[in-house]
Amino acid sequence: MFFKSNYHRLPIWVVGILLIGLASTVGTVTARSETRLAVARTTDGLACDDGLKTSFRPDALTTVLLVKAFYKGDPLLLSGSPAERTPKAANDLCLVKLNIGPGNPGPQGAPSTSSGIGIEIWLPTSTNWNGRIHVMGGGGWAGRTQASLTELALDSAGVPGSPAEAAGVEGAVTATTDTGHSFALKGVENPTGGNGSFGMLPDGRINTVLWHDFSERAIHEMAIKTKALTLAFYGQDARYSYWDGFSTGGRQGLKEAQINPQDFDGILVGAPAINWTRFITSDLNPQVIMQRDLGGAKLSKAELDAVSIAAIRSCDKVGSVHLGYILDPAECRYDPTTDRSVLCASEGGQGVPGKCVTRPEAMAFNKIWYGQTPDGTAPLPALDNGFGSQLSGQQQWFGLARGTNLNLLAGPTPFAVSSDLVAMELGDPTLATPAFINARGNGSDRWEDISFARLKTAQDDGVALQHTFANINTDSADLSAFRARGGKILMYHGLSDFLIPPQGSMNYYNRVVEQMGGLDAVQSFYRLYLIPGMAHAILNGTANPDAAPPLPQHDELYALLTSWVEKSQAPGRYKVSNNRAGDLRTFPLCIYPQRPVLVGKEPLRAESYRCS
């Protein structure tokens with residue numbers, strides 16, 4: 001189940017549906033026909049049928065593509081036969097798909113050509129509606145199938161469950177958007193929302209129209225059209241409107257707070273992909289390090305894991321207990337170049353063959369952990385381990401925390417979003433991977449030739465091109481309008497995030513505090529949890545497969561936000577568990593900048609810590 005009803009259902013305040021008695025030939029009305037009538041028409045509202053295509057026209061750019069009623073237990077699909085694992089509707093629902101023009105003209109089949117922004121909205125029946133709107137953000141490039149007439153966009157990009165589940169179980173109106181593009185290679189599984197090909201015109205110039213849709217316009221359009229359809233469908237406005245997003249979805253939520261503060265009452269932000277061109281350009285840095293320093297030889301999974309686990313073992317002890325994950329990465333200064341347990345025998349070490357590393361390879365780890373620099377150098381960890389809320393030394397951007405799983409960014413292939421972005425920053429599509437399609441030349445992995453100096457140029461160009469990229473960095477610290485209207489933001493980020501360094505969230509939060517009157521003033525509407533051991537998802541993010549860090553549940557975080565908005569109960573110290581039978585551990589999450597400090601004798605129990 002996506003949400004626990006005791007956390008998320010409000011007292012029912014919506015007037016119940018006035019069911020019309022439909023007599024059959026034998027003078028009876030079955031429960032099934034009552035259910036179908038309930039989803040088909042709402043009191044004082046619209047019907048869930050094709051009539052909505054003409055009756056719902058909030059503006060000239062909006063077209064209703066599809067209206068379909070799903071009944072409790074129906075398979076959630078638009079075409080084909082249900083498979084064994086096809087999800088089913090948890091309650092009666094009305095699906096509405098919209099297209100918001102004008103899109104971007106161009107050659108048929110080109111990824112930069114778009115008919116507009118696709119939006120998928122799910123509405124529960126009047127009797128099941130809890131009075132909320134609860135929209136969800138995207139992931140990666142955020143291109144999905146919201147505009148498709150044959151496919152549903154059932155994923156929610158880092159948020160457990162799906163929009164259909166949130167509508168069916170929580171009882172909220174939910175929505176998602178493809179942000180104006182849905183291009184993906186046929187037959188290719190791509191979890192990053194298609195690829196960045198949409199962002200470059202056939203002549204190699206930046207596609208400013210679709211960058212604007214992707215960066216900000218689509219999420220605002222989703223907010224206002226979902227509100228308009230809610231009013232039309234139920235005959236009344238929603239009482240509360242919430243944003244819920246992770247990664248790209250987290251960035252989208254902060255963008256809304258920055259430029260459209262009236263759209264949402266509460267915003268749940270997970271691992272936000274703010275500082276977009278900074279951190280995504282830097283995501284290519286581990287690959288550039290291996291190309292330039294190791295002659296193109298890749299660190300194997302065994303080597304990546306062995307050195308990262310050694311870092312954990314060096315820094316995970318609290319009291320007398322090894323946690324299996326690093327509680328505070330800022331305190332870890334592990335240096336594999338001096339650790340004989342991971343160095344190979346040829347380097348005077350005692351590392352296990354197949355898992356050991358040479359000194360240049362060990363130094364590559366230090367560089368990955370420190371972050372991108374103009375010349376590929378990094379200081380000794382004893383002097384500067386690279387983990388902090390402010391950039392230090394020559395850092396172009398932050399690196400990943402020690403102990404984090406490195407197999408995504410330092411694996412056999414680059415994180416494709418990073419090479420896509422660098423290709424656009426430098427104006428050369430061939431720098432991307434082969435999935436990048438452009439008439440000037442498709443991607444051909446020429447990122448392999450990039451030097452440290454050229455990666456810095458890409459980094460600098462990404463910042464300089466913010467207007468062209470529709471201010472995708474989403475790093476404005478001015479949230480005064482959102483605060484003034486009474487909005488609330490709850491943000492969370494894993495300290496073992498293997499894709500987006502959590503230091504970026506710390507840096508942004510500190511800048512908001514500095515600009516907006518100090519910590520007390522900011523915490524009145526905006527609070528942050530940093531979560532030890534958590535990945536770029538609510539999962540173990542460390543290289544140690546046996547780590548069992550206590551982690552929050554998404555449902556609980558959402559409940560904290562709704563209680564803050566609706567009951568003025570501000571989130572504070574929050575006890576979490578690893579939910580592991582036989583190895584149950586608890587831990588307190590503290591509101592940043594407070595951190596957990598051991599004061600008791602049991603490091604595996606939340607009660608042994610204070611937040612200070």
# chains A, B, ... in the order shown; residues from 1 in each chain; ligands from 1
call {"tool": "select_by_dssp", "arguments": {"residues": "stretch 53-203 of chain A", "states": "helix (DSSP H, G or I)", "output": "PyMOL selection string"}}
result
chain A and resi 53-55+163-170+196-199
call {"tool": "closest_residue", "arguments": {"among": "A:Ile224, A:Val342, A:Ile119, A:Leu231", "to": "A:Gly143", "atoms": "only C-alpha atoms"}}
result
A:Ile119
call {"tool": "residues_around", "arguments": {"residues": "A:Gly245", "least_positions_apart": "3", "cutoff": "6 Å", "atoms": "only C-alpha atoms", "output": "list of chain:residue names"}}
result
A:Met136, A:Gly137, A:Gly249, A:Gly250, A:Val269
call {"tool": "select_by_dssp", "arguments": {"residues": "stretch 513-563 of chain A", "states": "strand (DSSP E or B)", "output": "JSON, numbers by chain"}}
result
{"A": [526, 527, 528, 529, 530, 531, 534, 535, 537, 538, 539, 540, 542, 551]}
call {"tool": "write_last_selection", "arguments": {"atoms": "all heavy atoms", "output": "tab-separated table (two decimals), in the first residue's frame"}}
result
chain	number	residue	atom	x	y	z
A	526	TYR	N	10.83	26.16	6.58
A	526	TYR	CA	11.68	25.32	5.73
A	526	TYR	C	12.64	24.55	6.63
A	526	TYR	O	13.43	25.16	7.37
A	526	TYR	CB	12.44	26.23	4.76
A	526	TYR	CG	13.40	25.59	3.78
A	526	TYR	CD1	13.38	24.23	3.49
A	526	TYR	CD2	14.34	26.39	3.11
A	526	TYR	CE1	14.27	23.68	2.58
A	526	TYR	CE2	15.22	25.85	2.19
A	526	TYR	CZ	15.19	24.50	1.93
A	526	TYR	OH	16.07	23.95	1.03
A	527	ARG	N	12.58	23.21	6.57
A	527	ARG	CA	13.43	22.38	7.42
A	527	ARG	C	14.05	21.25	6.59
A	527	ARG	O	13.48	20.81	5.59
A	527	ARG	CB	12.64	21.81	8.60
A	527	ARG	CG	12.11	22.92	9.51
A	527	ARG	CD	11.59	22.44	10.84
A	527	ARG	NE	11.23	23.57	11.68
A	527	ARG	CZ	11.07	23.51	12.99
A	527	ARG	NH1	11.23	22.35	13.63
A	527	ARG	NH2	10.73	24.60	13.68
A	528	LEU	N	15.21	20.79	7.07
A	528	LEU	CA	16.02	19.82	6.32
A	528	LEU	C	16.47	18.68	7.23
A	528	LEU	O	16.95	18.94	8.34
A	528	LEU	CB	17.24	20.53	5.73
A	528	LEU	CG	18.40	19.67	5.19
A	528	LEU	CD1	17.95	18.80	4.02
A	528	LEU	CD2	19.58	20.56	4.80
A	529	TYR	N	16.31	17.45	6.75
A	529	TYR	CA	16.89	16.27	7.39
A	529	TYR	C	18.03	15.74	6.52
A	529	TYR	O	17.86	15.54	5.31
A	529	TYR	CB	15.86	15.14	7.53
A	529	TYR	CG	14.78	15.35	8.57
A	529	TYR	CD1	13.45	15.43	8.19
A	529	TYR	CD2	15.09	15.43	9.92
A	529	TYR	CE1	12.44	15.60	9.13
A	529	TYR	CE2	14.09	15.59	10.87
A	529	TYR	CZ	12.77	15.68	10.47
A	529	TYR	OH	11.78	15.84	11.41
A	530	LEU	N	19.20	15.48	7.13
A	530	LEU	CA	20.28	14.75	6.48
A	530	LEU	C	20.30	13.34	7.06
A	530	LEU	O	20.30	13.18	8.29
A	530	LEU	CB	21.62	15.45	6.71
A	530	LEU	CG	21.75	16.85	6.10
A	530	LEU	CD1	23.09	17.46	6.49
A	530	LEU	CD2	21.58	16.82	4.59
A	531	ILE	N	20.35	12.32	6.19
A	531	ILE	CA	20.08	10.95	6.63
A	531	ILE	C	21.31	10.08	6.40
A	531	ILE	O	21.66	9.75	5.25
A	531	ILE	CB	18.86	10.37	5.89
A	531	ILE	CG1	17.67	11.33	6.07
A	531	ILE	CG2	18.53	8.98	6.40
A	531	ILE	CD1	16.48	11.01	5.19
A	534	MET	N	21.89	6.82	3.68
A	534	MET	CA	20.82	6.74	2.67
A	534	MET	C	21.34	7.05	1.28
A	534	MET	O	22.15	7.94	1.07
A	534	MET	CB	19.68	7.70	3.00
A	534	MET	CG	18.42	7.45	2.16
A	534	MET	SD	17.06	8.56	2.56
A	534	MET	CE	17.14	9.70	1.17
A	535	ALA	N	20.82	6.32	0.29
A	535	ALA	CA	21.23	6.41	-1.11
A	535	ALA	C	20.48	7.52	-1.84
A	535	ALA	O	19.84	8.38	-1.23
A	535	ALA	CB	20.96	5.07	-1.79
A	537	ALA	N	17.78	7.36	-3.01
A	537	ALA	CA	16.48	6.71	-2.82
A	537	ALA	C	16.46	6.35	-1.35
A	537	ALA	O	17.49	6.44	-0.67
A	537	ALA	CB	16.32	5.46	-3.70
A	538	ILE	N	15.33	5.92	-0.84
A	538	ILE	CA	15.29	5.54	0.57
A	538	ILE	C	15.75	4.09	0.69
A	538	ILE	O	14.99	3.15	0.89
A	538	ILE	CB	13.88	5.77	1.16
A	538	ILE	CG1	13.50	7.25	0.99
A	538	ILE	CG2	13.87	5.41	2.65
A	538	ILE	CD1	12.13	7.60	1.52
A	539	LEU	N	17.06	3.93	0.48
A	539	LEU	CA	17.71	2.62	0.48
A	539	LEU	C	19.13	2.80	1.04
A	539	LEU	O	19.62	3.93	1.15
A	539	LEU	CB	17.80	2.06	-0.95
A	539	LEU	CG	16.50	1.78	-1.69
A	539	LEU	CD1	16.79	1.52	-3.16
A	539	LEU	CD2	15.78	0.59	-1.07
A	540	ASN	N	19.80	1.67	1.34
A	540	ASN	CA	21.20	1.69	1.71
A	540	ASN	C	22.02	2.20	0.54
A	540	ASN	O	22.01	1.62	-0.55
A	540	ASN	CB	21.64	0.28	2.11
A	540	ASN	CG	23.14	0.15	2.29
A	540	ASN	OD1	23.83	1.11	2.61
A	540	ASN	ND2	23.65	-1.05	2.10
A	542	THR	N	25.42	2.79	0.73
A	542	THR	CA	26.84	2.54	0.93
A	542	THR	C	27.32	1.38	0.08
A	542	THR	O	26.52	0.62	-0.49
A	542	THR	CB	27.13	2.22	2.41
A	542	THR	OG1	26.71	0.88	2.70
A	542	THR	CG2	26.41	3.18	3.34
A	551	LEU	N	16.31	4.16	8.29
A	551	LEU	CA	15.88	5.12	7.27
A	551	LEU	C	14.42	5.49	7.47
A	551	LEU	O	13.63	4.71	8.00
A	551	LEU	CB	16.08	4.54	5.87
A	551	LEU	CG	17.50	4.11	5.49
A	551	LEU	CD1	17.50	3.44	4.12
A	551	LEU	CD2	18.44	5.31	5.50
call {"tool": "atom_distance", "arguments": {"atom1": "atom CA of A:Pro603", "atom2": "atom CA of A:Val318"}}
result
6.4 Å
call {"tool": "residues_around", "arguments": {"residues": "stretch 123-133 of chain A", "least_positions_apart": "2", "cutoff": "6 Å", "atoms": "only C-alpha atoms", "output": "mmCIF file with N, CA, C and O atoms, in the first residue's frame"}}
result
data_model
loop_
_atom_site.group_PDB
_atom_site.id
_atom_site.type_symbol
_atom_site.label_atom_id
_atom_site.label_comp_id
_atom_site.auth_asym_id
_atom_site.auth_seq_id
_atom_site.Cartn_x
_atom_site.Cartn_y
_atom_site.Cartn_z
ATOM 1 N N LEU A 10 -7.968 12.681 5.669
ATOM 2 C CA LEU A 10 -8.635 13.692 6.465
ATOM 3 C C LEU A 10 -10.048 13.226 6.790
ATOM 4 O O LEU A 10 -10.589 12.344 6.124
ATOM 5 N N GLY A 16 -21.376 13.819 -0.155
ATOM 6 C CA GLY A 16 -21.455 12.525 -0.841
ATOM 7 C C GLY A 16 -22.195 12.622 -2.157
ATOM 8 O O GLY A 16 -22.995 13.533 -2.383
ATOM 9 N N VAL A 39 -18.209 6.843 -10.055
ATOM 10 C CA VAL A 39 -17.016 7.334 -10.728
ATOM 11 C C VAL A 39 -17.364 8.090 -11.996
ATOM 12 O O VAL A 39 -16.612 8.916 -12.476
ATOM 13 N N LEU A 93 -11.471 5.320 -9.972
ATOM 14 C CA LEU A 93 -10.678 6.477 -10.348
ATOM 15 C C LEU A 93 -11.070 6.984 -11.720
ATOM 16 O O LEU A 93 -11.524 6.205 -12.577
ATOM 17 N N CYS A 94 -10.846 8.262 -11.937
ATOM 18 C CA CYS A 94 -11.008 8.848 -13.264
ATOM 19 C C CYS A 94 -9.648 9.341 -13.741
ATOM 20 O O CYS A 94 -8.993 10.140 -13.059
ATOM 21 N N ALA A 167 -3.880 8.289 -5.567
ATOM 22 C CA ALA A 167 -5.283 8.672 -5.746
ATOM 23 C C ALA A 167 -6.214 7.613 -5.170
ATOM 24 O O ALA A 167 -7.220 7.941 -4.537
ATOM 25 N N GLY A 171 -6.467 8.932 -1.485
ATOM 26 C CA GLY A 171 -7.694 9.650 -1.791
ATOM 27 C C GLY A 171 -7.472 11.064 -2.274
ATOM 28 O O GLY A 171 -8.383 11.888 -2.247
ATOM 29 N N ALA A 172 -6.253 11.378 -2.731
ATOM 30 C CA ALA A 172 -5.945 12.715 -3.244
ATOM 31 C C ALA A 172 -6.026 12.738 -4.763
ATOM 32 O O ALA A 172 -5.857 11.714 -5.425
ATOM 33 N N VAL A 173 -6.264 13.905 -5.316
ATOM 34 C CA VAL A 173 -6.077 14.117 -6.752
ATOM 35 C C VAL A 173 -4.584 14.146 -7.002
ATOM 36 O O VAL A 173 -3.840 14.860 -6.318
ATOM 37 N N THR A 174 -4.109 13.354 -7.964
ATOM 38 C CA THR A 174 -2.674 13.301 -8.240
ATOM 39 C C THR A 174 -2.402 13.607 -9.709
ATOM 40 O O THR A 174 -3.286 13.481 -10.558
ATOM 41 N N ALA A 238 -9.749 22.326 -4.076
ATOM 42 C CA ALA A 238 -9.044 21.531 -3.073
ATOM 43 C C ALA A 238 -8.757 22.404 -1.852
ATOM 44 O O ALA A 238 -8.526 23.606 -1.964
ATOM 45 N N ARG A 239 -8.745 21.762 -0.674
ATOM 46 C CA ARG A 239 -8.410 22.489 0.551
ATOM 47 C C ARG A 239 -6.904 22.707 0.668
ATOM 48 O O ARG A 239 -6.454 23.744 1.151
ATOM 49 N N TYR A 240 -6.119 21.717 0.215
ATOM 50 C CA TYR A 240 -4.663 21.787 0.321
ATOM 51 C C TYR A 240 -4.045 21.224 -0.950
ATOM 52 O O TYR A 240 -4.563 20.270 -1.546
ATOM 53 N N SER A 241 -2.907 21.815 -1.317
ATOM 54 C CA SER A 241 -2.197 21.360 -2.512
ATOM 55 C C SER A 241 -0.744 21.076 -2.147
ATOM 56 O O SER A 241 -0.065 21.930 -1.561
ATOM 57 N N TYR A 242 -0.256 19.861 -2.503
ATOM 58 C CA TYR A 242 1.089 19.427 -2.121
ATOM 59 C C TYR A 242 1.918 19.019 -3.339
ATOM 60 O O TYR A 242 1.401 18.404 -4.283
#
call {"tool": "closest_residue", "arguments": {"among": "A:Arg580, A:Arg483, A:Lys355, A:Lys575", "to": "A:Arg605", "atoms": "only C-alpha atoms"}}
result
A:Lys575
call {"tool": "residues_around", "arguments": {"residues": "A:Asp305", "least_positions_apart": "6", "cutoff": "12 Å", "atoms": "only C-alpha atoms", "output": "list in words"}}
result
Leu299, Ala311, Ile312, Val342, Gly354, Lys355, Cys356, Val357, Phe365, Arg402, Gly403, Thr404, Asn405, Leu406, Asn407, Leu408, Ala410, Gly411, Gly541, Thr542, Ala543, Asn544 and Pro545 of chain A
call {"tool": "residues_around", "arguments": {"residues": "A:Thr430", "least_positions_apart": "6", "cutoff": "12 Å", "atoms": "only C-alpha atoms", "output": "PyMOL selection string"}}
result
chain A and resi 197+204+419-424+436-450
call {"tool": "write_last_selection", "arguments": {"atoms": "C-alpha atoms", "output": "PDB file, in the first residue's frame"}}
result
ATOM      1  CA  SER A 197      18.325  14.807 -27.041  1.00  0.00           C
ATOM      2  CA  GLY A 204      23.060  21.914 -32.788  1.00  0.00           C
ATOM      3  CA  SER A 419      27.510  13.276 -20.903  1.00  0.00           C
ATOM      4  CA  ASP A 420      24.251  14.581 -22.471  1.00  0.00           C
ATOM      5  CA  LEU A 421      24.605  17.840 -20.552  1.00  0.00           C
ATOM      6  CA  VAL A 422      28.308  18.271 -21.294  1.00  0.00           C
ATOM      7  CA  ALA A 423      27.522  17.758 -24.996  1.00  0.00           C
ATOM      8  CA  MET A 424      25.017  20.620 -24.828  1.00  0.00           C
ATOM      9  CA  PHE A 436      21.877  10.949 -27.875  1.00  0.00           C
ATOM     10  CA  ILE A 437      20.287  11.657 -31.271  1.00  0.00           C
ATOM     11  CA  ASN A 438      20.911  14.816 -33.275  1.00  0.00           C
ATOM     12  CA  ALA A 439      20.949  15.685 -36.982  1.00  0.00           C
ATOM     13  CA  ARG A 440      24.419  17.257 -36.643  1.00  0.00           C
ATOM     14  CA  GLY A 441      25.815  14.000 -35.344  1.00  0.00           C
ATOM     15  CA  ASN A 442      24.700  11.378 -32.884  1.00  0.00           C
ATOM     16  CA  GLY A 443      26.491  10.696 -29.650  1.00  0.00           C
ATOM     17  CA  SER A 444      29.684   8.685 -30.151  1.00  0.00           C
ATOM     18  CA  ASP A 445      31.289   8.635 -26.687  1.00  0.00           C
ATOM     19  CA  ARG A 446      33.771  11.379 -27.476  1.00  0.00           C
ATOM     20  CA  TRP A 447      33.492  12.421 -23.823  1.00  0.00           C
ATOM     21  CA  GLU A 448      36.404   9.988 -23.419  1.00  0.00           C
ATOM     22  CA  ASP A 449      38.705  12.639 -24.922  1.00  0.00           C
ATOM     23  CA  ILE A 450      37.714  15.402 -22.493  1.00  0.00           C
TER      24      ILE A 450
END
call {"tool": "decode", "arguments": {"residues": "stretch 395-421 of chain A", "atoms": "N, CA, C and O atoms", "output": "short mmCIF file (atom, residue, chain, number, x, y, z; two decimals), in the first residue's frame"}}
result
data_model
loop_
_atom_site.label_atom_id
_atom_site.label_comp_id
_atom_site.auth_asym_id
_atom_site.auth_seq_id
_atom_site.Cartn_x
_atom_site.Cartn_y
_atom_site.Cartn_z
N GLN A 395 37.86 23.21 -5.64
CA GLN A 395 36.64 22.46 -5.99
C GLN A 395 35.76 23.24 -6.96
O GLN A 395 35.36 24.37 -6.69
N GLN A 396 35.45 22.61 -8.09
CA GLN A 396 34.42 23.13 -8.99
C GLN A 396 33.05 22.74 -8.45
O GLN A 396 32.09 23.49 -8.57
N TRP A 397 32.97 21.55 -7.91
CA TRP A 397 31.77 21.09 -7.21
C TRP A 397 32.17 19.96 -6.27
O TRP A 397 33.28 19.45 -6.32
N PHE A 398 31.26 19.57 -5.41
CA PHE A 398 31.53 18.57 -4.40
C PHE A 398 31.61 17.16 -4.99
O PHE A 398 30.94 16.86 -5.99
N GLY A 399 32.38 16.30 -4.34
CA GLY A 399 32.43 14.89 -4.71
C GLY A 399 31.50 14.07 -3.83
O GLY A 399 30.78 14.60 -2.97
N LEU A 400 31.50 12.76 -4.05
CA LEU A 400 30.68 11.86 -3.25
C LEU A 400 31.35 11.59 -1.90
O LEU A 400 32.58 11.62 -1.79
N ALA A 401 30.55 11.31 -0.90
CA ALA A 401 31.08 11.03 0.42
C ALA A 401 31.81 9.69 0.44
O ALA A 401 31.43 8.75 -0.27
N ARG A 402 32.85 9.59 1.25
CA ARG A 402 33.55 8.32 1.42
C ARG A 402 32.58 7.24 1.92
O ARG A 402 31.73 7.51 2.75
N GLY A 403 32.77 6.04 1.39
CA GLY A 403 31.91 4.93 1.76
C GLY A 403 30.69 4.75 0.89
O GLY A 403 30.04 3.71 0.92
N THR A 404 30.38 5.77 0.09
CA THR A 404 29.23 5.70 -0.81
C THR A 404 29.51 4.71 -1.94
O THR A 404 30.64 4.57 -2.40
N ASN A 405 28.47 4.05 -2.41
CA ASN A 405 28.59 3.14 -3.55
C ASN A 405 28.97 3.94 -4.79
O ASN A 405 28.23 4.84 -5.22
N LEU A 406 30.09 3.63 -5.40
CA LEU A 406 30.61 4.39 -6.53
C LEU A 406 30.31 3.76 -7.89
O LEU A 406 30.75 4.27 -8.93
N ASN A 407 29.53 2.69 -7.90
CA ASN A 407 29.39 1.91 -9.14
C ASN A 407 28.55 2.59 -10.21
O ASN A 407 28.60 2.17 -11.37
N LEU A 408 27.79 3.63 -9.87
CA LEU A 408 27.06 4.35 -10.91
C LEU A 408 27.97 5.34 -11.62
O LEU A 408 28.13 5.28 -12.84
N LEU A 409 28.60 6.24 -10.88
CA LEU A 409 29.39 7.29 -11.52
C LEU A 409 30.77 6.82 -11.96
O LEU A 409 31.35 7.37 -12.89
N ALA A 410 31.33 5.79 -11.28
CA ALA A 410 32.66 5.30 -11.64
C ALA A 410 32.58 3.89 -12.23
O ALA A 410 33.59 3.19 -12.27
N GLY A 411 31.43 3.51 -12.71
CA GLY A 411 31.25 2.19 -13.31
C GLY A 411 31.78 2.12 -14.72
O GLY A 411 32.47 3.03 -15.20
N PRO A 412 31.44 1.07 -15.45
CA PRO A 412 32.00 0.88 -16.80
C PRO A 412 31.54 1.90 -17.83
O PRO A 412 32.21 2.11 -18.84
N THR A 413 30.40 2.53 -17.60
CA THR A 413 29.89 3.55 -18.53
C THR A 413 29.52 4.80 -17.74
O THR A 413 29.21 4.73 -16.55
N PRO A 414 29.53 5.96 -18.39
CA PRO A 414 29.19 7.19 -17.66
C PRO A 414 27.70 7.26 -17.36
O PRO A 414 26.88 6.60 -18.02
N PHE A 415 27.34 8.05 -16.36
CA PHE A 415 25.95 8.41 -16.14
C PHE A 415 25.53 9.27 -17.33
O PHE A 415 26.05 10.36 -17.54
N ALA A 416 24.59 8.76 -18.13
CA ALA A 416 24.32 9.36 -19.44
C ALA A 416 23.83 10.79 -19.35
O ALA A 416 24.08 11.60 -20.26
N VAL A 417 23.11 11.14 -18.28
CA VAL A 417 22.65 12.52 -18.16
C VAL A 417 23.83 13.48 -18.14
O VAL A 417 23.78 14.58 -18.69
N SER A 418 24.94 13.08 -17.52
CA SER A 418 26.11 13.96 -17.45
C SER A 418 26.75 14.16 -18.81
O SER A 418 27.10 15.29 -19.18
N SER A 419 26.90 13.10 -19.58
CA SER A 419 27.51 13.28 -20.90
C SER A 419 26.55 14.01 -21.85
O SER A 419 27.00 14.79 -22.71
N ASP A 420 25.23 13.80 -21.70
CA ASP A 420 24.25 14.58 -22.47
C ASP A 420 24.43 16.07 -22.20
O ASP A 420 24.48 16.89 -23.12
N LEU A 421 24.51 16.43 -20.92
CA LEU A 421 24.61 17.84 -20.55
C LEU A 421 25.92 18.45 -21.03
O LEU A 421 25.93 19.57 -21.57
#
